[in-house]
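To start, the structure itself, in structure tokens.
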Amino acid sequence: MLFSSTVFLYLFLPLLIILYYTIFAGKRLAQNVLLLIASLFFYAWGEPKFVVIMIASIIINWLFGIFVDKYRSNNIVEKVIITLAVVFNLFILFVFKYLAFASNIVNSLFDMHLVVPNIALPIGISFFTFQGMSYVIDVYRQKGEVQTNLLNVGLYISFFPQLIAGPIVRYETVANEINYRKETLDDFVDGFARFIVGMAKKVLLANSFALLADTAFDLVTTGASYSVGYAWFGAIAYTFQIFFDFSGYSDMAIGLGRMFGFHFLENFNYPYISTSISEFWRRWHMSLGTWFRDYLYFPLGGSRVSKNRVIFNLFVVWAFTGLWHGANLTFVIWGLMYFVLITFEKLSGFEKKGSKNLLPLKWIYTMFFVVLGFVIFRADNLSEAIVYIRTMFGINGNALIDGVFLANVSQSLIIYVIAAFASTPIFKCIGERTKENGFVQYVCKFGLIMLFILSVSSLVSNSYNPFIYFNF
């Protein structure tokens with residue numbers, strides 16, 4: 001079930017809100033049971049058989065948390081338990097997400113004939129396994145109280161707003177709110193407003209760019225000839241699509257969390273205004289970046305080690321970052337591209353060099369590689385990525401511009417301009433500077449209502465509603 005589906009908007013969410021704030025109001029245990037049951041139903045709606053995998057993950061991580069806390073005084077036993085917890089969660093990921101990929105690699109490298117298993121990928125497995133690990137590790141680090149109640153761990157891992165597409169919520173962030181959160185009218189209203197903004201990003205912008213990007217990338221598989229301009233047009237369309245798709249879904253998740261008294265951390269902070277690759281990754285998918293930083297990069301030694309070790313640590317982090325997104329060579333290459341760029345920036349002091357006059361050039365450099373990276377990310381395989389990139393630079397002998405490019409630009413210029421402005425904090429700045437102006441606030445509220453109406457109308461009239469991160 002997607003947040004941007006009519007079933008969710010017309011049935012699931014209204015019914016849950018009514019029950020939560022009427023029959024179950026003021027009864028924290030009952031509310032938590034309601035949210036847990038609703039979350040399991042939410043997941044089972046799209047993956048009825050795989051809900052068993054998630055429930056098993058919840059139970060086993062709950063047990064690991066109890067054992068880590070119980071044997072805290074025995075350092076050796078405690079470390080064995082935490083190691084087993086990490087191995088267990090990674091094993092789940094490996095079996096369902098990477099076993100077939102690994103089998104193909106072994107067959108290719110060693111000319112073997114291992115049977116390649118055909119295992120369906122549970123929705124959101126990368127997110128709920130990372131949250132399971134977060135729970136056990138945070139209990140181990142004493143950054144959150146151990147939960148003896150299985151219900152509480154189940155709610156933390158399966159809570160529907162962040163279940164299938166994040167943000168990755170760290171246990172320490174919401175540990176206290178599981179039992180001691182406070183729902184307020186302001187939080188509910190702000191959360192619903194945030195949900196509307198996220199839905200508009202997803203439905204009105206991301207879905208529109210999806211059509212443009214899909215058309216351009218599909219030309220690769222058909223072998224059609226298209227211009228340099230049209231290749232860049234499609235690449236930029238996908239760059240906007242993935243941002244509004246994922247940040248919009250994160251906005252909806254954060255908004256839904258606030259409606260029920262939970263406060264998730266931000267997941268995006270206008271990444272397309274970045275003037276370095278390092279800054280881009282401090283602003284993009286922040287919950288994933290900080291997860292790898294705190295649970296992998298720092299334990300490896302971070303930057304407080306020799307230069308060669310720093311390079312190794314960055315390599316490990318970015319190799320895993322690429323693999324986390326999918327079992328495909330394109331994701332590995334995409335991750336390693338960022339490893340090279342961030343290593344260069346870190347060792348050269350790139351971010352600290354140059355005057356403010358160079359910021360526009362730094363922005364061009366950053367966005368050039370971001371767009372290029374998303375072409376690799378979007379392609380079905382490496383050969384298609386290479387063909388597309390060659391076309392972007394005219395290496396395939398294609399024309400600079402053609403009629404298809406000019407027609408698409410003339411038809412889509414307005415949405416590109418809107419997306420460009422929406423990728424910057426300009427609207428946020430205007431809102432902050434005019435928050436005392438009653439008329440402006442009235443206009444903003446009216447605008448939210450219109451966005452909600454337009455988004456719902458678009459969902460009803462258009463069945464094309466893809467979601468990029470659905471299977472991550």
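A note on labels: chains of the structure tokens are A, B, ... as shown, every chain counts residues from 1, and ligands are counted from 1 in their shown order.
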
* To do: With a distance cut-off of 10 Å and only C-alpha atoms, select the neighbouring residues of Val387 in chain A, excluding the residue or stretch itself and same-chain residues fewer than 3 positions from it, and output the selection as a count of residues only.
  => 12

* To do: May I have the residues within 10 Å of Gly166 in chain A as JSON, numbers by chain, using only C-alpha atoms and disregarding those fewer than 2 positions away in the same chain?
  => {"A": [124, 126, 127, 128, 131, 160, 161, 162, 163, 164, 168, 169, 246, 249, 250, 253, 254, 264, 267, 285, 287, 288, 469, 470, 472]}

Quick one: write out the picked residues with C-alpha atoms as an mmCIF file, in the first residue's frame?
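So out_18.cif came out as:
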data_model
loop_
_atom_site.group_PDB
_atom_site.id
_atom_site.type_symbol
_atom_site.label_atom_id
_atom_site.label_comp_id
_atom_site.auth_asym_id
_atom_site.auth_seq_id
_atom_site.Cartn_x
_atom_site.Cartn_y
_atom_site.Cartn_z
ATOM 1 C CA GLY A 124 11.255 -2.358 2.256
ATOM 2 C CA SER A 126 16.602 -2.787 3.494
ATOM 3 C CA PHE A 127 14.761 -0.332 5.714
ATOM 4 C CA PHE A 128 13.331 -2.665 8.335
ATOM 5 C CA GLN A 131 16.096 -0.459 11.868
ATOM 6 C CA PHE A 160 3.836 2.132 8.797
ATOM 7 C CA PRO A 161 4.959 5.709 7.969
ATOM 8 C CA GLN A 162 8.622 4.701 7.653
ATOM 9 C CA LEU A 163 8.188 0.966 7.014
ATOM 10 C CA ILE A 164 8.665 0.502 3.271
ATOM 11 C CA ILE A 168 15.560 5.052 8.426
ATOM 12 C CA VAL A 169 14.494 5.935 11.965
ATOM 13 C CA PHE A 246 11.811 10.061 -2.477
ATOM 14 C CA TYR A 249 7.561 10.161 0.345
ATOM 15 C CA SER A 250 9.854 11.144 3.241
ATOM 16 C CA ALA A 253 6.269 9.772 6.391
ATOM 17 C CA ILE A 254 7.506 12.569 8.651
ATOM 18 C CA PHE A 264 11.325 11.659 12.848
ATOM 19 C CA ASN A 267 15.782 13.029 5.407
ATOM 20 C CA HIS A 285 18.956 10.662 2.105
ATOM 21 C CA SER A 287 19.061 8.994 7.441
ATOM 22 C CA LEU A 288 21.034 6.524 5.306
ATOM 23 C CA TYR A 469 12.400 3.238 -3.640
ATOM 24 C CA PHE A 470 9.516 0.782 -3.217
ATOM 25 C CA PHE A 472 14.791 -1.009 -1.562
#

* To do: Using only C-alpha atoms, find the one residue out of A:Ile418, A:Gly234, A:Leu36, A:Ser276 that sits nearest to Gly349 in chain A.
  => A:Ser276

* Which residue of A:Phe374, A:Tyr270, A:Trp232, A:Phe192 approaches Gly255 in chain A most closely, using only C-alpha atoms -> A:Phe192

* To do: Write out as a list in words which residues come within 10 Å of range 362-370 of chain A when counting only C-alpha atoms, dropping same-chain ones fewer than 4 positions away.
  =>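 Close residues of range 362-370 of chain A: Ile236, Thr239, Pro271, Tyr272, Ile273, Ser274, Thr275, Ser276, Ile277, Ser278, Glu279, Phe280, Trp334, Met337, Tyr338, Leu341, Phe350, Glu351, Gly354, Lys356, Asn357, Leu358, Phe374 and Val375 of chain A.
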
* Contacts of Phe377 in chain A at 12 Å (only C-alpha atoms; same-chain gap of 5+ positions) as a PyMOL selection string -> chain A and resi 217+235+238-239+242+322-323+325-338+369-372+382+384-386+388-389+468-469

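Take CA of Ser247 in chain A and CA of Arg282 in chain A: the distance between them is 14.2 Å.
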
* Could you find all residues in range 200-425 of chain A that DSSP calls alpha helix (DSSP H) from the backbone, and write them as number ranges by chain? => A: 200, 207-222, 228-259, 277-283, 286-292, 298-300, 307-325, 329-348, 359-378, 382-392, 403-422

Using only C-alpha atoms, which protein or nucleic acid residues come within 8 Å of range 81-83 of chain A? Drop anything in the same chain fewer than 2 positions from it, and give the result as a short mmCIF file (atom, residue, chain, number, x, y, z; two decimals) with N, CA and C atoms, in the first residue's frame.
data_model
loop_
_atom_site.label_atom_id
_atom_site.label_comp_id
_atom_site.auth_asym_id
_atom_site.auth_seq_id
_atom_site.Cartn_x
_atom_site.Cartn_y
_atom_site.Cartn_z
N PHE A 64 17.62 -10.36 20.81
CA PHE A 64 19.01 -9.90 20.84
C PHE A 64 19.16 -8.70 21.79
N PHE A 67 19.14 -9.94 25.40
CA PHE A 67 20.37 -10.64 25.76
C PHE A 67 21.56 -9.67 25.88
N VAL A 68 21.61 -8.67 24.99
CA VAL A 68 22.68 -7.66 25.08
C VAL A 68 22.62 -6.94 26.42
N VAL A 77 30.75 -11.94 26.15
CA VAL A 77 29.44 -12.46 25.76
C VAL A 77 28.62 -11.37 25.05
N GLU A 78 28.69 -10.16 25.57
CA GLU A 78 27.95 -9.05 24.99
C GLU A 78 28.39 -8.80 23.54
N LYS A 79 29.69 -8.84 23.30
CA LYS A 79 30.20 -8.60 21.95
C LYS A 79 29.82 -9.74 21.00
N ALA A 85 23.84 -10.50 16.19
CA ALA A 85 22.69 -9.68 15.77
C ALA A 85 22.95 -9.05 14.40
N VAL A 86 24.16 -8.51 14.23
CA VAL A 86 24.51 -7.88 12.95
C VAL A 86 24.54 -8.93 11.84
N VAL A 87 25.15 -10.09 12.13
CA VAL A 87 25.23 -11.17 11.14
C VAL A 87 23.84 -11.64 10.74
N VAL A 136 19.20 -2.97 18.22
CA VAL A 136 20.13 -3.77 19.03
C VAL A 136 21.42 -2.99 19.31
N ILE A 137 21.94 -2.31 18.29
CA ILE A 137 23.18 -1.56 18.47
C ILE A 137 23.00 -0.40 19.45
N TYR A 140 22.93 -1.71 22.85
CA TYR A 140 24.32 -2.07 23.19
C TYR A 140 25.11 -0.82 23.59
#

* Residue with smallest distance to Val146 in chain A - pool A:Asn75, A:Ser461, A:Ser455, A:Asn61, counting only C-alpha atoms ->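 The closest residue to Val146 in chain A is A:Asn61.
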
* To do: Excluding range 296-298 of chain A and residues on its chain fewer than 3 positions from it, collect all residues at most 7 Å away from it, counting only C-alpha atoms, and give them as a PyMOL selection string.
  => chain A and resi 292-293+301-302+313+317

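Of the listed residues (A:Leu314, A:Ala237, A:Val417, A:Ala38), A:Ala237 comes nearest to Asn207 in chain A; the distances count only C-alpha atoms.
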